[in-house]
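A.B. asks: There's a structure below that I have some questions on.
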Amino acid sequence: MSVLPVLDLVLIVLVIGLAAWTIVARDIFAAVLAYVAYGLLLAFVWIRLHAPDVALTEAAVGGGVTGVLLITAGKRLGALKASEAGAPPGLVLKLVAGALALLVAGAVAFAVVSLPTSAPTLAPEIAAAAPGPGAGLGNPITAVLMAYRSFDTMLEKVVLILAVLGVWSVGADQAWGAAPAPLRKPPPDGAMVFLAQILAPAGALIGIHIFWVGADAPGGAFQGGALLAAMWMIAMMARLTEPPRVASRRLRHALISGPAVFLVIGLAGAFIADAFFAFPPALAKPLILLIETFMVLSIALALPLLVAGPPNGSDEP
Amino acid sequence: MSLLVDLFSLASIGAGVFFFVAGTVGLLRFPDSLTRLHVLSKADNLGLGLIVLGLMPRADSLLEALKLLVTWALVLLSGAATSQLIGRALRRGRK
Amino acid sequence: MNQFLLAGAGLIIVTVAIGLARILRGPHDIDRLMAVQLLGTGGIAALLLTAYATKVPGVDDVALGLALLAAFATMAFLNLVDADEGGAGS
């Protein structure tokens with residue numbers, strides 16, 4: 001495998017170079033583009049580290065959703081063409097910030113370098129325990145997320161919902177309950193509408209496919225949910241559909257359905273299985289898939305709501 | 001037979017890589033945004049297309065080969081639509 | 001054969017990354033967007049080659065997802081370019 005070390009070196013140099021450019025760029029548009037490119041290359045790095053699940057998540061969330069979030073936020077702030085607003089920070093503040101950043105980076109680097117050479121991993125134990133605690137799942141990552149540390153995974157979705165609440169609370173008082181501003185003000189070109197009409201349904205199918213195969217192959221609820229979120233945002237950007245009203249009961253119920261179903265089944269585990277958040281062995285895989293279905297729904301709703309922003313009384317984006 | 005398949009893959013993938021190189025050269029050397037846009041679609045269609053063509057005989061099942069085709073079709077579709085949109089934006093003077 | 005596929009993937013990544021210089025130079029934002037689009041397509045090609053060279057399961061799914069996400073990100077940036085000039089569009 002003589003070609004791989006060269007490829008790795010090129011990737012490392014590129015990733016560091018793009019990160020530097022992201023920080024140095026004067027114009028926010030260029031900086032966010034460099035950040036998206038950085039996310040794409042980082043996804044490739046994950047592939048080289050034999051982690052396709054993480055690569056898909058990185059491409060979906062790091063490259064796609066975060067890039068769109070930053071660009072939409074930057075547009076709303078109106079600060080896209082000018083990178084300065086207000087007095088620039090003084091030299092002392094810059095030096096202190098730089099020293100702190102260096103300290104944190106050094107600590108992380110030291111921690112990574114001093115890891116034991118044979119990394120501790122649950123994967124062989126999960127593969128051996130597949131019929132039991134591994135819940136019959138072929139993908140060890142899904143088994144860890146849903147069977148071994150399921151409480152953690154549920155709390156992650158709760159954090160997403162709290163973020164959506166935080167974004168909603170930024171809106172003006174009199175606009176509470178209204179819908180967020182549309183993602184695009186002028187009427188879209190025919191080409192954009194065409195693209196959205198074909199891409200959104202095809203992408204939704206692909207998102208569901210990636211979620212479903214996550215039980216036994218790379219994929220899973222978060223990746224599928226992020227793809228579905230991207231497809232809904234495509235439909236909103238082409239103004240095929242508008243952001244929903246924040247006060248809508250159906251929206252709110254669907255949003256919390258993921259962690260709610262997870263919590264209910266986890267609490268029931270105390271009665272129908274050994275412990276809180278345990279699964280009865282015979283029903284484990286179907287229960288996990290049920291929970292994951294609702295989690296996909298929650299994620300697919302929460303991410304676009306984060307991008308759409310706070311409720312807005314007028315039509316001004 | 002398998003040697004023939006390997007040679008076909010080799011030729012097709014080599015041609016695909018060539019089109020990606022051509023795409024980069026065009027992106028860096030062409031004088032104008034519209035000309036660079038033209039070059040971009042060559043890399044999308046022919047570059048990825050030839051690589052998909054070269055990989056299809058190596059697929060294990062029909063489903064995998066179809067997945068390759070669907071990937072290429074999506075890139076083709078989005079490339080065509082965004083080229084239109086970029087072209088219109090450039091013509092209206094919004095850069 | 002696998003070595004050749006991997007070499008092809010590496011070559012595409014290097015090539016497309018050189019095109020990223022357009023992010024630095026491009027006089028207009030649209031040029032920078034085109035460079036990132038080229039990176040996306042090259043990334044998909046390299047991922048497919050790597051999937052067939054190393055036989056790691058799931059990498060072709062990553063390529064499929066990347067195709068969708070590249071289109072998504074490009075649409076969002078184009079929306080911004082359109083909105084910049086006051087939004088009297090069509």
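In the structure tokens, each chain is lettered A, B, ... as it comes, each chain's residues begin at 1, and ligands are numbered from 1 in order of appearance.
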For chain C, report every residue with an atom at most 8 Å from chain B (counting only C-alpha atoms), formatted as a PDB file with N, CA and C atoms, in the first residue's frame.

C.D. replies:
ATOM      1  N   MET C   1      -4.514  -4.130  -9.045  1.00  0.00           N
ATOM      2  CA  MET C   1      -5.686  -3.340  -9.480  1.00  0.00           C
ATOM      3  C   MET C   1      -6.133  -2.391  -8.377  1.00  0.00           C
ATOM      4  N   GLY C   8      -5.626   6.305  -8.268  1.00  0.00           N
ATOM      5  CA  GLY C   8      -6.565   7.194  -8.941  1.00  0.00           C
ATOM      6  C   GLY C   8      -7.280   8.105  -7.956  1.00  0.00           C
ATOM      7  N   LEU C  11      -4.895  10.748  -6.756  1.00  0.00           N
ATOM      8  CA  LEU C  11      -4.637  11.735  -7.795  1.00  0.00           C
ATOM      9  C   LEU C  11      -5.801  12.711  -7.914  1.00  0.00           C
ATOM     10  N   ILE C  12      -7.015  12.194  -7.861  1.00  0.00           N
ATOM     11  CA  ILE C  12      -8.174  13.079  -7.967  1.00  0.00           C
ATOM     12  C   ILE C  12      -8.206  14.053  -6.804  1.00  0.00           C
ATOM     13  N   THR C  15      -5.554  16.704  -7.292  1.00  0.00           N
ATOM     14  CA  THR C  15      -5.916  17.608  -8.374  1.00  0.00           C
ATOM     15  C   THR C  15      -6.976  18.598  -7.931  1.00  0.00           C
ATOM     16  N   VAL C  16      -8.034  18.051  -7.343  1.00  0.00           N
ATOM     17  CA  VAL C  16      -9.157  18.890  -6.970  1.00  0.00           C
ATOM     18  C   VAL C  16      -8.745  19.855  -5.873  1.00  0.00           C
ATOM     19  N   ILE C  18      -5.783  21.192  -5.597  1.00  0.00           N
ATOM     20  CA  ILE C  18      -5.060  22.291  -6.238  1.00  0.00           C
ATOM     21  C   ILE C  18      -6.071  23.306  -6.755  1.00  0.00           C
ATOM     22  N   GLY C  19      -7.231  22.797  -7.240  1.00  0.00           N
ATOM     23  CA  GLY C  19      -8.264  23.715  -7.689  1.00  0.00           C
ATOM     24  C   GLY C  19      -8.791  24.601  -6.575  1.00  0.00           C
ATOM     25  N   ALA C  21      -7.202  26.424  -4.834  1.00  0.00           N
ATOM     26  CA  ALA C  21      -6.522  27.717  -4.875  1.00  0.00           C
ATOM     27  C   ALA C  21      -7.461  28.804  -5.380  1.00  0.00           C
ATOM     28  N   ARG C  22      -8.465  28.395  -6.111  1.00  0.00           N
ATOM     29  CA  ARG C  22      -9.435  29.367  -6.622  1.00  0.00           C
ATOM     30  C   ARG C  22     -10.181  30.049  -5.463  1.00  0.00           C
ATOM     31  N   HIS C  28     -14.393  36.739  -7.613  1.00  0.00           N
ATOM     32  CA  HIS C  28     -15.764  36.812  -7.146  1.00  0.00           C
ATOM     33  C   HIS C  28     -16.095  35.621  -6.266  1.00  0.00           C
ATOM     34  N   ASP C  29     -17.182  35.761  -5.482  1.00  0.00           N
ATOM     35  CA  ASP C  29     -17.603  34.684  -4.594  1.00  0.00           C
ATOM     36  C   ASP C  29     -18.002  33.450  -5.377  1.00  0.00           C
ATOM     37  N   ILE C  30     -18.567  33.671  -6.577  1.00  0.00           N
ATOM     38  CA  ILE C  30     -19.039  32.537  -7.377  1.00  0.00           C
ATOM     39  C   ILE C  30     -17.870  31.638  -7.774  1.00  0.00           C
ATOM     40  N   ASP C  31     -16.718  32.228  -8.019  1.00  0.00           N
ATOM     41  CA  ASP C  31     -15.555  31.398  -8.353  1.00  0.00           C
ATOM     42  C   ASP C  31     -15.201  30.489  -7.186  1.00  0.00           C
ATOM     43  N   MET C  34     -17.539  27.635  -7.089  1.00  0.00           N
ATOM     44  CA  MET C  34     -17.246  26.622  -8.101  1.00  0.00           C
ATOM     45  C   MET C  34     -16.086  25.734  -7.672  1.00  0.00           C
ATOM     46  N   ALA C  35     -15.110  26.312  -7.004  1.00  0.00           N
ATOM     47  CA  ALA C  35     -13.987  25.491  -6.531  1.00  0.00           C
ATOM     48  C   ALA C  35     -14.474  24.450  -5.531  1.00  0.00           C
ATOM     49  N   LEU C  38     -16.253  21.662  -7.304  1.00  0.00           N
ATOM     50  CA  LEU C  38     -15.320  20.709  -7.908  1.00  0.00           C
ATOM     51  C   LEU C  38     -14.758  19.770  -6.850  1.00  0.00           C
ATOM     52  N   THR C  41     -17.405  17.077  -6.138  1.00  0.00           N
ATOM     53  CA  THR C  41     -17.484  16.027  -7.153  1.00  0.00           C
ATOM     54  C   THR C  41     -16.244  15.146  -7.122  1.00  0.00           C
ATOM     55  N   GLY C  42     -15.072  15.753  -6.978  1.00  0.00           N
ATOM     56  CA  GLY C  42     -13.850  14.960  -6.879  1.00  0.00           C
ATOM     57  C   GLY C  42     -13.867  14.060  -5.657  1.00  0.00           C
ATOM     58  N   ALA C  45     -15.951  11.040  -6.452  1.00  0.00           N
ATOM     59  CA  ALA C  45     -15.212  10.103  -7.292  1.00  0.00           C
ATOM     60  C   ALA C  45     -14.169   9.348  -6.472  1.00  0.00           C
ATOM     61  N   LEU C  49     -13.927   5.276  -5.711  1.00  0.00           N
ATOM     62  CA  LEU C  49     -12.731   4.480  -6.003  1.00  0.00           C
ATOM     63  C   LEU C  49     -12.227   3.784  -4.755  1.00  0.00           C
ATOM     64  N   TYR C  52     -14.346   0.743  -3.799  1.00  0.00           N
ATOM     65  CA  TYR C  52     -14.110  -0.472  -4.570  1.00  0.00           C
ATOM     66  C   TYR C  52     -12.710  -0.999  -4.401  1.00  0.00           C
ATOM     67  N   ASP C  60     -19.751   3.541  -0.235  1.00  0.00           N
ATOM     68  CA  ASP C  60     -20.524   4.029  -1.385  1.00  0.00           C
ATOM     69  C   ASP C  60     -21.786   4.751  -0.918  1.00  0.00           C
ATOM     70  N   ALA C  63     -20.687   8.240  -0.381  1.00  0.00           N
ATOM     71  CA  ALA C  63     -20.612   8.978  -1.646  1.00  0.00           C
ATOM     72  C   ALA C  63     -21.994   9.444  -2.078  1.00  0.00           C
ATOM     73  N   LEU C  64     -23.000   8.589  -1.909  1.00  0.00           N
ATOM     74  CA  LEU C  64     -24.371   8.942  -2.269  1.00  0.00           C
ATOM     75  C   LEU C  64     -24.854  10.126  -1.433  1.00  0.00           C
ATOM     76  N   ALA C  67     -23.250  13.358  -2.524  1.00  0.00           N
ATOM     77  CA  ALA C  67     -23.834  13.951  -3.730  1.00  0.00           C
ATOM     78  C   ALA C  67     -25.013  14.839  -3.368  1.00  0.00           C
ATOM     79  N   LEU C  68     -25.870  14.343  -2.458  1.00  0.00           N
ATOM     80  CA  LEU C  68     -27.019  15.138  -2.043  1.00  0.00           C
ATOM     81  C   LEU C  68     -26.586  16.388  -1.291  1.00  0.00           C
ATOM     82  N   ALA C  71     -25.160  19.263  -3.400  1.00  0.00           N
ATOM     83  CA  ALA C  71     -26.214  20.036  -4.057  1.00  0.00           C
ATOM     84  C   ALA C  71     -26.903  20.962  -3.065  1.00  0.00           C
ATOM     85  N   THR C  74     -24.641  23.963  -2.202  1.00  0.00           N
ATOM     86  CA  THR C  74     -24.563  24.887  -3.335  1.00  0.00           C
ATOM     87  C   THR C  74     -25.834  25.711  -3.449  1.00  0.00           C
ATOM     88  N   MET C  75     -26.999  25.076  -3.262  1.00  0.00           N
ATOM     89  CA  MET C  75     -28.258  25.818  -3.329  1.00  0.00           C
ATOM     90  C   MET C  75     -28.289  26.922  -2.282  1.00  0.00           C
ATOM     91  N   LEU C  78     -26.092  29.785  -3.326  1.00  0.00           N
ATOM     92  CA  LEU C  78     -26.671  30.530  -4.445  1.00  0.00           C
ATOM     93  C   LEU C  78     -27.810  31.420  -3.976  1.00  0.00           C
ATOM     94  N   VAL C  81     -26.236  34.519  -2.772  1.00  0.00           N
ATOM     95  CA  VAL C  81     -25.776  35.381  -3.859  1.00  0.00           C
ATOM     96  C   VAL C  81     -26.944  36.137  -4.466  1.00  0.00           C
ATOM     97  N   ASP C  82     -28.079  35.456  -4.609  1.00  0.00           N
ATOM     98  CA  ASP C  82     -29.253  36.112  -5.164  1.00  0.00           C
ATOM     99  C   ASP C  82     -29.792  37.176  -4.238  1.00  0.00           C
ATOM    100  N   ASP C  84     -28.231  38.963  -2.153  1.00  0.00           N
ATOM    101  CA  ASP C  84     -27.310  40.055  -1.877  1.00  0.00           C
ATOM    102  C   ASP C  84     -27.740  41.376  -2.484  1.00  0.00           C
ATOM    103  N   GLU C  85     -28.284  41.310  -3.701  1.00  0.00           N
ATOM    104  CA  GLU C  85     -28.521  42.552  -4.408  1.00  0.00           C
ATOM    105  C   GLU C  85     -29.916  43.088  -4.135  1.00  0.00           C
TER     106      GLU C  85
END

A.B. asks: Report as number ranges by chain the set of chain A residues whose atoms approach chain C to within 7 Å, with distances computed over only C-alpha atoms.

C.D. replies: A: 1, 3, 7, 30, 33, 37, 52, 56, 59-60, 64, 68, 75, 184-189, 203, 217-218, 230, 234

A.B. asks: Determine, for each residue of chain A having at least one atom at most 7 Å from an atom of chain B, the closest pair of atoms and their separation in Å to one decimal, counting only C-alpha atoms; order by chain and ascending number, as a Markdown table.

C.D. replies:
| residue | atom | partner | partner_atom | distance |
| --- | --- | --- | --- | --- |
| A:Ala191 | CA | B:Ala81 | CA | 5.5 |
| A:Met192 | CA | B:Ala81 | CA | 6.7 |
| A:Leu195 | CA | B:Ala81 | CA | 6.2 |

A.B. asks: Please dump the current selection as a compact mmCIF listing (two decimals), in the first residue's frame; keep C-alpha atoms.

C.D. replies:
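Resulting contents of result.txt:
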# COMPACT_ATOMS: atom_id res chain seq x y z
CA ALA A 191 -34.10 25.76 -12.38
CA MET A 192 -33.97 25.88 -8.58
CA LEU A 195 -33.85 20.82 -8.77

A.B. asks: Pick out the closest residue to Leu267 of chain A from this set: A:Phe294, A:Gly190, A:Phe151, A:Ala31. Count only C-alpha atoms.

C.D. replies: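 Of A:Phe294, A:Gly190, A:Phe151, A:Ala31, the one nearest Leu267 of chain A, counting only C-alpha atoms, is A:Phe151.
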
A.B. asks: State, in Å with one decimal place, the distance from atom CA of Gly106 of chain A to atom CA of Pro120 of chain A.

C.D. replies: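 Interatomic distance, atom CA of Gly106 of chain A to atom CA of Pro120 of chain A: 22.6 Å.
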
A.B. asks: Would you list, as a VMD selection string, the residues of chain C that end up in helix (DSSP H, G or I) under DSSP run on this structure's backbone?

C.D. replies: chain C and resid 2 to 19 21 to 25 29 to 54 59 to 84

A.B. asks: If you measure from atom CA of Leu66 of chain B to atom CA of Asp53 of chain A, what distance in Å do you get, rounded to one decimal?

C.D. replies: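 Separation between atom CA of Leu66 of chain B and atom CA of Asp53 of chain A: 21.6 Å.
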